[in-house]
>>> print(open('protein02.txt').read())   # compact mmCIF, C-alpha atoms and all ligand atoms
# COMPACT_ATOMS: atom_id res chain seq x y z
CA MET A 1 104.54 112.51 73.38
CA ASN A 2 105.37 115.06 70.62
CA ASP A 3 106.92 114.47 67.20
CA ALA A 4 110.13 116.40 67.88
CA ASP A 5 111.04 114.36 70.91
CA PRO A 6 109.66 110.84 70.54
CA GLN A 7 109.73 108.93 73.80
CA PRO A 8 109.81 105.18 73.32
CA ASN A 9 107.04 103.48 75.29
CA PRO A 10 108.90 101.43 77.91
CA PHE A 11 105.89 99.11 78.28
CA ALA A 12 105.48 98.35 74.57
CA ALA A 13 106.59 94.72 74.90
CA VAL A 14 104.25 93.92 77.80
CA MET A 15 101.16 92.30 76.30
CA ASP A 16 98.36 94.79 76.65
CA ILE A 17 95.72 92.77 78.49
CA ALA A 18 94.47 95.39 80.97
CA PRO A 19 94.33 99.20 81.20
CA ARG A 20 97.36 99.43 83.50
CA PRO A 21 98.14 102.80 85.12
CA PRO A 22 101.65 104.13 84.33
CA VAL A 23 103.07 103.24 87.74
CA VAL A 24 105.65 100.53 88.38
CA PHE A 25 105.59 98.89 91.80
CA ALA A 26 109.07 98.01 92.94
CA SER A 27 108.67 96.74 96.50
CA GLY A 28 106.13 95.99 99.15
CA GLU A 29 105.79 95.42 102.87
CA GLY A 30 102.59 94.36 104.61
CA SER A 31 99.74 96.58 103.43
CA TRP A 32 102.04 99.00 101.61
CA LEU A 33 103.58 99.13 98.15
CA THR A 34 106.38 101.44 97.01
CA ASP A 35 106.67 102.48 93.38
CA ARG A 36 109.87 103.09 91.42
CA ASP A 37 109.70 106.81 92.28
CA GLY A 38 109.54 106.10 96.00
CA ARG A 39 105.85 106.88 96.51
CA LYS A 40 103.99 104.71 99.02
CA TRP A 41 100.59 103.19 98.28
CA LEU A 42 98.07 101.61 100.64
CA ASP A 43 97.03 98.30 99.06
CA PHE A 44 93.50 97.02 99.67
CA ILE A 45 93.63 94.77 96.59
CA GLN A 46 96.67 92.65 97.52
CA GLY A 47 97.04 90.96 94.18
CA TRP A 48 93.27 90.28 94.15
CA ALA A 49 92.98 88.66 97.59
CA VAL A 50 96.18 86.72 97.03
CA ASN A 51 98.64 88.19 99.54
CA CYS A 52 96.87 86.98 102.66
CA LEU A 53 99.90 87.80 104.82
CA GLY A 54 100.60 91.12 103.07
CA HIS A 55 103.53 91.96 100.81
CA SER A 56 106.79 90.02 101.27
CA PRO A 57 105.96 88.46 104.64
CA LYS A 58 108.94 87.13 106.57
CA LEU A 59 107.35 83.69 106.86
CA VAL A 60 107.31 83.32 103.07
CA LEU A 61 110.83 84.75 102.64
CA ASP A 62 112.27 82.37 105.22
CA THR A 63 110.40 79.37 103.83
CA LEU A 64 111.46 80.09 100.25
CA ALA A 65 115.10 80.51 101.23
CA LEU A 66 115.20 77.35 103.32
CA GLN A 67 113.32 75.18 100.82
CA ALA A 68 115.17 76.53 97.75
CA GLY A 69 118.41 75.42 99.37
CA GLN A 70 117.04 71.90 99.81
CA LEU A 71 114.86 71.08 96.81
CA ILE A 72 112.95 73.17 94.28
CA ASN A 73 111.32 70.75 91.86
CA CYS A 74 111.53 67.08 91.04
CA SER A 75 108.34 66.51 88.99
CA PRO A 76 104.85 65.49 90.17
CA SER A 77 105.78 61.91 89.29
CA TYR A 78 107.83 61.70 92.51
CA TYR A 79 106.96 62.47 96.12
CA ASN A 80 108.69 65.32 97.95
CA PRO A 81 108.24 66.23 101.64
CA PRO A 82 106.35 69.56 101.30
CA MET A 83 104.02 68.06 98.66
CA VAL A 84 103.11 65.18 100.99
CA ALA A 85 102.74 67.49 104.00
CA LEU A 86 100.51 70.03 102.24
CA CYS A 87 98.28 67.42 100.59
CA THR A 88 97.84 65.71 103.95
CA ARG A 89 97.13 68.95 105.83
CA LEU A 90 94.56 70.22 103.32
CA ALA A 91 92.77 66.88 103.32
CA GLN A 92 92.72 66.96 107.15
CA LEU A 93 91.50 70.54 107.45
CA SER A 94 88.79 70.15 104.82
CA GLY A 95 87.58 66.71 105.89
CA LEU A 96 88.26 65.43 102.36
CA GLY A 97 90.51 62.64 101.13
CA GLN A 98 93.17 63.55 98.56
CA THR A 99 94.81 66.68 97.17
CA PHE A 100 96.34 67.49 93.80
CA LEU A 101 98.56 70.58 93.83
CA ALA A 102 98.62 72.88 90.79
CA ASN A 103 99.64 76.43 89.98
CA SER A 104 96.57 78.64 89.51
CA GLY A 105 92.91 78.83 90.38
CA ALA A 106 91.85 78.15 86.82
CA GLU A 107 94.09 75.08 86.69
CA ALA A 108 92.60 73.70 89.93
CA ASN A 109 89.08 74.31 88.61
CA GLU A 110 89.95 72.72 85.27
CA GLY A 111 91.07 69.69 87.31
CA ALA A 112 87.81 69.74 89.29
CA ILE A 113 85.79 69.72 86.05
CA LYS A 114 87.90 66.85 84.68
CA LEU A 115 87.56 64.88 87.91
CA ALA A 116 83.77 65.31 87.93
CA ARG A 117 83.56 64.18 84.29
CA LYS A 118 85.82 61.21 85.02
CA TRP A 119 83.64 60.23 87.96
CA GLY A 120 80.55 60.58 85.75
CA SER A 121 82.10 58.40 83.08
CA LYS A 122 83.01 55.71 85.61
CA PHE A 123 80.11 55.79 88.05
CA LYS A 124 77.19 57.71 86.54
CA ALA A 125 76.61 56.28 83.08
CA GLY A 126 78.68 58.90 81.29
CA ALA A 127 77.02 61.94 82.89
CA TYR A 128 79.16 65.04 82.32
CA GLU A 129 77.00 68.13 82.64
CA ILE A 130 77.85 70.59 85.40
CA ILE A 131 75.30 73.09 86.67
CA THR A 132 77.02 76.44 87.32
CA MET A 133 75.78 79.86 88.36
CA ASP A 134 74.97 83.06 86.50
CA HIS A 135 77.68 85.65 87.25
CA GLY A 136 80.04 82.95 88.58
CA PHE A 137 83.76 83.17 87.92
CA HIS A 138 86.01 80.15 87.67
CA GLY A 139 89.02 81.32 85.66
CA ARG A 140 90.27 82.07 82.17
CA THR A 141 91.02 78.73 80.51
CA LEU A 142 88.52 77.67 77.85
CA ALA A 143 86.65 75.26 80.12
CA THR A 144 86.63 77.55 83.18
CA MET A 145 85.44 80.48 81.03
CA SER A 146 82.64 78.25 79.77
CA ALA A 147 81.81 77.29 83.37
CA SER A 148 81.75 80.95 84.38
CA GLY A 149 78.56 82.98 84.11
CA LYS A 150 80.00 86.34 83.10
CA ALA A 151 77.61 87.87 80.56
CA VAL A 152 80.42 89.85 78.89
CA TRP A 153 82.11 86.56 78.00
CA ASP A 154 79.13 85.33 75.96
CA GLY A 155 80.28 84.80 72.40
CA LEU A 156 83.97 85.07 73.27
CA PHE A 157 86.47 82.47 71.97
CA GLU A 158 83.76 80.39 70.34
CA PRO A 159 83.09 77.55 70.27
CA ARG A 160 82.60 77.27 74.02
CA VAL A 161 83.41 74.09 75.89
CA PRO A 162 80.02 72.35 76.12
CA GLY A 163 78.57 70.70 79.19
CA PHE A 164 77.75 73.66 81.45
CA VAL A 165 74.19 74.62 82.34
CA LYS A 166 73.66 78.01 84.02
CA VAL A 167 71.10 78.81 86.68
CA PRO A 168 70.41 81.95 88.75
CA PHE A 169 72.69 82.11 91.82
CA GLY A 170 70.80 81.29 95.00
CA ASP A 171 67.81 79.65 93.29
CA LEU A 172 67.49 76.05 94.53
CA GLU A 173 64.34 75.41 92.47
CA ALA A 174 66.21 76.42 89.31
CA VAL A 175 68.99 73.98 90.17
CA LYS A 176 66.41 71.21 90.68
CA ALA A 177 64.78 72.03 87.35
CA ALA A 178 68.15 71.98 85.56
CA ILE A 179 69.03 68.45 86.71
CA GLY A 180 68.79 65.89 83.90
CA PRO A 181 70.15 62.43 83.07
CA LYS A 182 73.50 63.93 81.98
CA THR A 183 74.03 66.01 85.15
CA VAL A 184 77.07 65.04 87.19
CA ALA A 185 77.75 68.02 89.48
CA VAL A 186 76.84 71.48 90.75
CA MET A 187 79.69 73.99 90.91
CA LEU A 188 79.72 77.40 92.57
CA GLU A 189 81.61 79.93 94.71
CA PRO A 190 80.34 80.25 98.32
CA ILE A 191 80.73 83.99 97.79
CA GLN A 192 80.88 85.24 94.20
CA GLY A 193 83.94 87.48 94.33
CA GLU A 194 84.61 88.78 90.82
CA SER A 195 80.97 89.62 90.23
CA GLY A 196 80.90 91.85 93.30
CA VAL A 197 80.88 89.88 96.60
CA TRP A 198 77.53 88.10 96.64
CA ALA A 199 77.11 85.33 99.21
CA ALA A 200 75.35 82.10 98.28
CA GLY A 201 74.07 82.06 101.85
CA ASN A 202 73.92 79.16 104.28
CA THR A 203 70.40 78.12 103.30
CA PHE A 204 71.27 77.79 99.60
CA LEU A 205 74.50 75.91 100.34
CA GLN A 206 72.74 73.55 102.75
CA GLY A 207 69.95 73.06 100.21
CA LEU A 208 72.48 72.25 97.49
CA ARG A 209 74.28 69.80 99.75
CA ALA A 210 71.04 67.95 100.53
CA LEU A 211 69.90 68.03 96.89
CA THR A 212 73.20 66.78 95.43
CA ARG A 213 73.32 63.95 98.02
CA GLU A 214 69.75 62.94 97.24
CA GLN A 215 70.38 63.01 93.47
CA GLY A 216 73.82 61.36 93.59
CA LEU A 217 75.58 64.46 92.22
CA LEU A 218 78.88 66.02 93.19
CA LEU A 219 79.04 69.39 94.93
CA ILE A 220 82.07 71.38 93.76
CA LEU A 221 82.98 74.50 95.73
CA ASP A 222 85.35 76.99 94.12
CA GLU A 223 87.01 78.54 97.16
CA VAL A 224 89.86 80.04 95.16
CA GLN A 225 88.97 83.45 96.59
CA THR A 226 87.10 82.58 99.80
CA GLY A 227 89.42 79.82 101.07
CA ILE A 228 92.43 80.08 103.40
CA GLY A 229 90.91 82.34 106.03
CA ARG A 230 89.50 85.10 103.80
CA THR A 231 86.01 84.90 105.35
CA GLY A 232 87.22 84.38 108.92
CA ARG A 233 87.14 80.56 108.72
CA MET A 234 89.70 78.40 106.99
CA PHE A 235 87.08 77.58 104.33
CA ALA A 236 83.88 79.52 103.67
CA PHE A 237 81.81 76.31 103.61
CA GLU A 238 82.39 75.98 107.38
CA HIS A 239 79.94 78.85 107.95
CA ALA A 240 77.19 76.68 106.42
CA GLY A 241 78.23 73.53 108.27
CA ILE A 242 78.56 71.52 105.06
CA THR A 243 81.40 69.73 103.26
CA PRO A 244 81.69 69.66 99.46
CA ASP A 245 82.82 66.62 97.45
CA ILE A 246 85.39 68.67 95.55
CA LEU A 247 87.07 71.87 96.75
CA THR A 248 89.43 74.19 94.89
CA LEU A 249 91.85 76.63 96.50
CA ALA A 250 94.42 79.04 95.14
CA LYS A 251 94.74 82.76 95.83
CA GLY A 252 95.55 82.85 99.55
CA LEU A 253 97.18 79.43 99.60
CA GLY A 254 100.57 80.72 98.47
CA ALA A 255 100.37 84.18 100.08
CA GLY A 256 101.54 85.57 96.72
CA VAL A 257 103.44 82.66 95.17
CA PRO A 258 101.66 80.56 92.54
CA ILE A 259 100.12 77.43 94.00
CA SER A 260 96.62 75.98 93.94
CA ALA A 261 94.92 72.83 95.15
CA LEU A 262 92.22 70.45 94.00
CA VAL A 263 90.94 68.59 97.06
CA ALA A 264 88.41 65.79 96.78
CA ALA A 265 86.60 63.19 98.86
CA GLN A 266 88.27 59.80 98.73
CA GLU A 267 85.45 58.12 96.80
CA VAL A 268 85.58 60.79 94.09
CA CYS A 269 89.34 60.44 93.44
CA CYS A 270 89.15 58.29 90.33
CA PHE A 271 91.74 59.66 87.90
CA ASP A 272 93.59 56.96 86.01
CA TYR A 273 97.31 57.34 85.54
CA GLY A 274 97.99 59.96 82.90
CA ASP A 275 94.67 61.80 83.29
CA GLN A 276 96.06 64.57 85.45
CA GLY A 277 99.47 66.16 85.87
CA GLY A 278 101.55 69.21 85.05
CA THR A 279 105.28 69.90 85.04
CA PHE A 280 105.26 72.29 87.99
CA CYS A 281 102.43 70.65 89.95
CA GLY A 282 103.36 69.80 93.53
CA ASN A 283 106.82 71.37 93.29
CA ALA A 284 108.57 71.45 96.64
CA LEU A 285 109.27 75.19 96.65
CA MET A 286 105.65 76.35 96.34
CA ALA A 287 104.30 73.49 98.46
CA ALA A 288 106.63 74.49 101.30
CA VAL A 289 105.17 77.99 101.21
CA GLY A 290 101.66 76.53 101.14
CA CYS A 291 102.44 74.50 104.28
CA ALA A 292 103.75 77.54 106.14
CA VAL A 293 100.79 79.71 105.09
CA VAL A 294 98.20 77.10 106.06
CA GLU A 295 99.77 76.60 109.51
CA GLU A 296 99.79 80.36 110.10
CA VAL A 297 96.21 80.96 108.95
CA ALA A 298 94.81 77.87 110.73
CA ARG A 299 95.79 79.28 114.14
CA PRO A 300 92.54 80.07 115.99
CA ALA A 301 93.91 83.47 117.03
CA PHE A 302 94.72 84.33 113.41
CA LEU A 303 91.20 83.48 112.22
CA ALA A 304 89.65 85.32 115.18
CA ARG A 305 91.62 88.43 114.21
CA VAL A 306 90.36 88.16 110.59
CA ARG A 307 86.78 88.14 111.90
CA GLU A 308 87.52 91.08 114.21
CA ALA A 309 89.21 93.09 111.44
CA GLY A 310 86.28 92.28 109.14
CA GLU A 311 83.81 93.61 111.71
CA ARG A 312 85.90 96.73 112.21
CA LEU A 313 86.13 97.38 108.46
CA THR A 314 82.39 96.73 108.04
CA ALA A 315 81.52 99.18 110.82
CA ALA A 316 83.85 101.85 109.42
CA LEU A 317 82.42 101.41 105.91
CA ASP A 318 78.87 101.63 107.30
CA THR A 319 79.71 104.96 108.93
CA LEU A 320 81.35 106.24 105.75
CA SER A 321 78.40 105.05 103.69
CA ALA A 322 75.97 106.95 105.92
CA LYS A 323 78.08 110.12 105.65
CA HIS A 324 78.19 110.02 101.84
CA GLY A 325 74.73 108.59 101.22
CA CYS A 326 76.00 105.30 99.78
CA GLY A 327 74.36 101.90 100.05
CA LYS A 328 74.97 98.68 101.95
CA VAL A 329 78.15 96.90 102.96
CA ARG A 330 78.11 93.16 102.13
CA GLY A 331 80.45 90.19 102.39
CA GLN A 332 82.17 88.27 105.14
CA GLY A 333 85.46 88.46 107.01
CA LEU A 334 87.89 90.46 104.88
CA LEU A 335 86.05 90.01 101.59
CA LEU A 336 83.70 92.98 101.59
CA ALA A 337 81.92 95.27 99.15
CA LEU A 338 80.41 98.73 99.47
CA ASP A 339 77.40 99.38 97.26
CA PHE A 340 76.79 102.89 95.86
CA GLY A 341 73.45 102.17 94.25
CA ARG A 342 74.68 104.11 91.20
CA PRO A 343 77.50 103.74 88.66
CA VAL A 344 80.26 105.77 90.32
CA SER A 345 82.85 103.15 91.24
CA LYS A 346 85.28 104.03 88.44
CA ALA A 347 85.35 107.68 89.52
CA VAL A 348 85.93 106.59 93.15
CA VAL A 349 88.65 104.08 92.23
CA ASP A 350 90.43 106.78 90.18
CA ALA A 351 90.10 109.36 92.96
CA ALA A 352 91.41 106.82 95.51
CA PHE A 353 94.34 106.09 93.20
CA ARG A 354 95.26 109.76 93.18
CA ARG A 355 95.27 109.59 96.99
CA GLY A 356 97.60 106.60 96.98
CA LEU A 357 94.95 104.00 97.76
CA LEU A 358 94.60 100.86 95.63
CA ILE A 359 91.06 99.62 95.64
CA ASN A 360 88.97 97.49 93.24
CA GLY A 361 85.62 98.27 91.62
CA PRO A 362 84.30 94.89 90.45
CA ARG A 363 81.04 96.45 89.25
CA PRO A 364 80.10 99.96 88.11
CA ASP A 365 78.14 100.42 91.33
CA SER A 366 80.37 98.92 94.02
CA LEU A 367 83.85 98.63 95.51
CA ARG A 368 85.50 95.44 96.74
CA PHE A 369 87.87 95.27 99.73
CA MET A 370 90.38 92.41 100.00
CA PRO A 371 93.20 93.62 102.26
CA SER A 372 95.89 91.48 103.74
CA LEU A 373 94.43 89.24 106.46
CA THR A 374 97.09 90.81 108.70
CA VAL A 375 95.81 94.37 108.10
CA SER A 376 96.10 96.51 111.24
CA ASP A 377 93.43 98.72 112.80
CA ALA A 378 95.57 101.75 111.94
CA GLU A 379 95.71 100.69 108.28
CA ILE A 380 91.95 100.23 108.20
CA ALA A 381 91.57 103.74 109.64
CA GLU A 382 94.01 105.15 107.08
CA MET A 383 92.13 103.45 104.24
CA ILE A 384 88.85 104.97 105.49
CA THR A 385 90.45 108.45 105.63
CA ARG A 386 91.68 108.14 102.04
CA LEU A 387 88.39 106.67 100.81
CA ASP A 388 86.48 109.46 102.57
CA GLY A 389 88.60 111.96 100.60
CA ALA A 390 88.14 110.02 97.38
CA LEU A 391 84.35 109.98 97.81
CA SER A 392 84.40 113.76 98.24
CA ASP A 393 86.74 114.18 95.23
CA ALA A 394 84.44 112.05 93.10
CA ALA A 395 81.48 114.05 94.41
CA VAL A 396 79.67 110.95 95.60
CA GLY A 397 76.84 111.78 98.00
C1 LIG B 401 90.65 84.26 90.91
C2 LIG B 401 89.63 83.20 90.80
C3 LIG B 401 89.79 82.12 89.92
C4 LIG B 401 90.93 82.04 88.93
O1 LIG B 401 92.15 81.90 89.58
P1 LIG B 401 93.50 82.15 88.73
O2 LIG B 401 94.59 81.85 89.71
O3 LIG B 401 93.45 83.59 88.31
O4 LIG B 401 93.46 81.24 87.59
C5 LIG B 401 88.84 81.12 89.95
N1 LIG B 401 87.80 81.15 90.79
C6 LIG B 401 87.60 82.17 91.64
C7 LIG B 401 86.44 82.14 92.57
C8 LIG B 401 88.51 83.24 91.68
O5 LIG B 401 88.31 84.26 92.51
>>> encode(input="protein02.txt", output="structure tokens", more="lines below")
Ligand SMILES: *Cc1c(COP(=O)(O)O)cnc(C)c1O
Amino acid sequence: MNDADPQPNPFAAVMDIAPRPPVVFASGEGSWLTDRDGRKWLDFIQGWAVNCLGHSPKLVLDTLALQAGQLINCSPSYYNPPMVALCTRLAQLSGLGQTFLANSGAEANEGAIKLARKWGSKFKAGAYEIITMDHGFHGRTLATMSASGKAVWDGLFEPRVPGFVKVPFGDLEAVKAAIGPKTVAVMLEPIQGESGVWAAGNTFLQGLRALTREQGLLLILDEVQTGIGRTGRMFAFEHAGITPDILTLAKGLGAGVPISALVAAQEVCCFDYGDQGGTFCGNALMAAVGCAVVEEVARPAFLARVREAGERLTAALDTLSAKHGCGKVRGQGLLLALDFGRPVSKAVVDAAFRRGLLINGPRPDSLRFMPSLTVSDAEIAEMITRLDGALSDAAVG
């Protein structure tokens, strides 16, 4: 901008909460986005693992149109058919008892924290403390930020919500040592997504399940990112052969529309009337989409394809990593990360952007891949070609 010809900033009124690039995405289809200038972009972020069926999938369009013509919202204080159907289906699929539908991952987690505290107040002599993990991520409300273990959030928005005790992720002895008379639950992600795709591992999850049972504590799994097929199973906890007491879901559940779920074992569902609610919670429009998405993803052939695509992407990234002297590939299904072993991810993300590839660098030393669960082999190959170029541009290797 120069003084003679001042250009008004068209984005000035959009609250500046992230360093957004000056591109405006106008439409999308499957793994591809198109910006306002007509340029096409290959999207391996998909709204941060949200668009599990890609951009604007026909299933979601059809469901929205049909449901919007019947009923959009009539308050969580009344039943509506999609609300009942989705709550029932999620309880069935998870092996749990009841579901509360909400609008975001943070809201579902906030509900999980409230439910655990309520249960502690009713059945565990007022215990309220929740053991959470270093580097965990549970959302951006005050309580979920306090539950999260992001070091950069220390000291932010003080005073923090009390009642969260942090332990190192994966350390069962540390969890045992942190248990006290006020402890009511242990809360974690089966795979820490935001912090860079780190799996809790089956042994740790099984150990936590046994420990929480033995100690009469609740096990809360935040599957906001890993749930709804992302890891190649409907829920990531299936890999470990365990069932939590409380489960939260969001991102993939709506395939891009805002819906989340708090699912809990029958004996834990102890909210009194008025404890939980929300104007938009359980609205028919979003719940109808949730039903359609869950039916699609729950098909054995769909989940088998996610596992196959995950293996294909892992193998291709391994080959690329060897070529450029990068590190390991980690993760499960279509939630993967490539480690560089050095802080180059920003340069690679920027170089990929210039090549029309949207990719996320959750840490300075690694990339995260969260494509549509419907990503094709050809799209995986195209992503690898662009990433190969980006790694050369960024002089990695
Ligand atoms: C994204 C995410 C959240 C927060 O979900 P929002 O819908 O952004 O509030 C919570 N937990 C995990 C594991 C997530 O990945």
>>> residues_near_ligand(input="protein02.txt", ligand="ligand LIG 401 (chain B)", cutoff="8 Å", atoms="all atoms listed in the file", output="PyMOL selection string")
chain A and resi 48+103-109+136-141+144+189+191-194+222-226+250-251+258+260
>>> residues_around(input="protein02.txt", residues="Thr34 in chain A", least_positions_apart="2", cutoff="12 Å", atoms="only C-alpha atoms", output="list in words")
Val23, Val24, Phe25, Ala26, Ser27, Gly28, Glu29, Gly30, Ser31, Trp32, Arg36, Asp37, Gly38, Arg39, Lys40, Trp41, Leu42, Asp43, His55, Gly356, Leu357 and Leu358 of chain A
>>> closest_residue(input="protein02.txt", among="A:Leu317, A:Ala65, A:Leu285, A:Ile130", to="Met383 in chain A", atoms="all atoms listed in the file")
A:Leu317
>>> closest_residue(input="protein02.txt", among="A:Leu172, A:Ala147, A:Ala390, A:Leu373", to="Arg355 in chain A", atoms="all atoms listed in the file")
A:Ala390
>>> atom_distance(input="protein02.txt", atom1="CA of Ser77 in chain A", atom2="CA of Val263 in chain A")
18.0 Å
>>> residues_around(input="protein02.txt", residues="range 151-154 of chain A", least_positions_apart="5", cutoff="10 Å", atoms="all atoms listed in the file", output="PyMOL selection string")
chain A and resi 134-136+145-146+160
>>> closest_atom_pairs(input="protein02.txt", of="range 169-288 of chain A", to="range 117-123 of chain A", cutoff="9 Å", atoms="all atoms listed in the file", output="CSV")
residue,atom,partner,partner_atom,distance
A:Lys182,CA,A:Gly120,CA,8.7
A:Thr183,CA,A:Gly120,CA,8.5
A:Val184,CA,A:Gly120,CA,5.8
A:Ala185,CA,A:Arg117,CA,8.7
A:Val268,CA,A:Trp119,CA,6.5
A:Cys269,CA,A:Trp119,CA,7.9
A:Cys270,CA,A:Trp119,CA,6.3
A:Phe271,CA,A:Lys118,CA,6.8
A:Asp272,CA,A:Lys118,CA,8.9
>>> atom_distance(input="protein02.txt", atom1="CA of Arg89 in chain A", atom2="CA of Lys58 in chain A")
21.7 Å
>>> closest_residue(input="protein02.txt", among="A:Pro81, A:Gly325, A:Gly149, A:Gly126", to="Gly282 in chain A", atoms="all atoms listed in the file")
A:Pro81
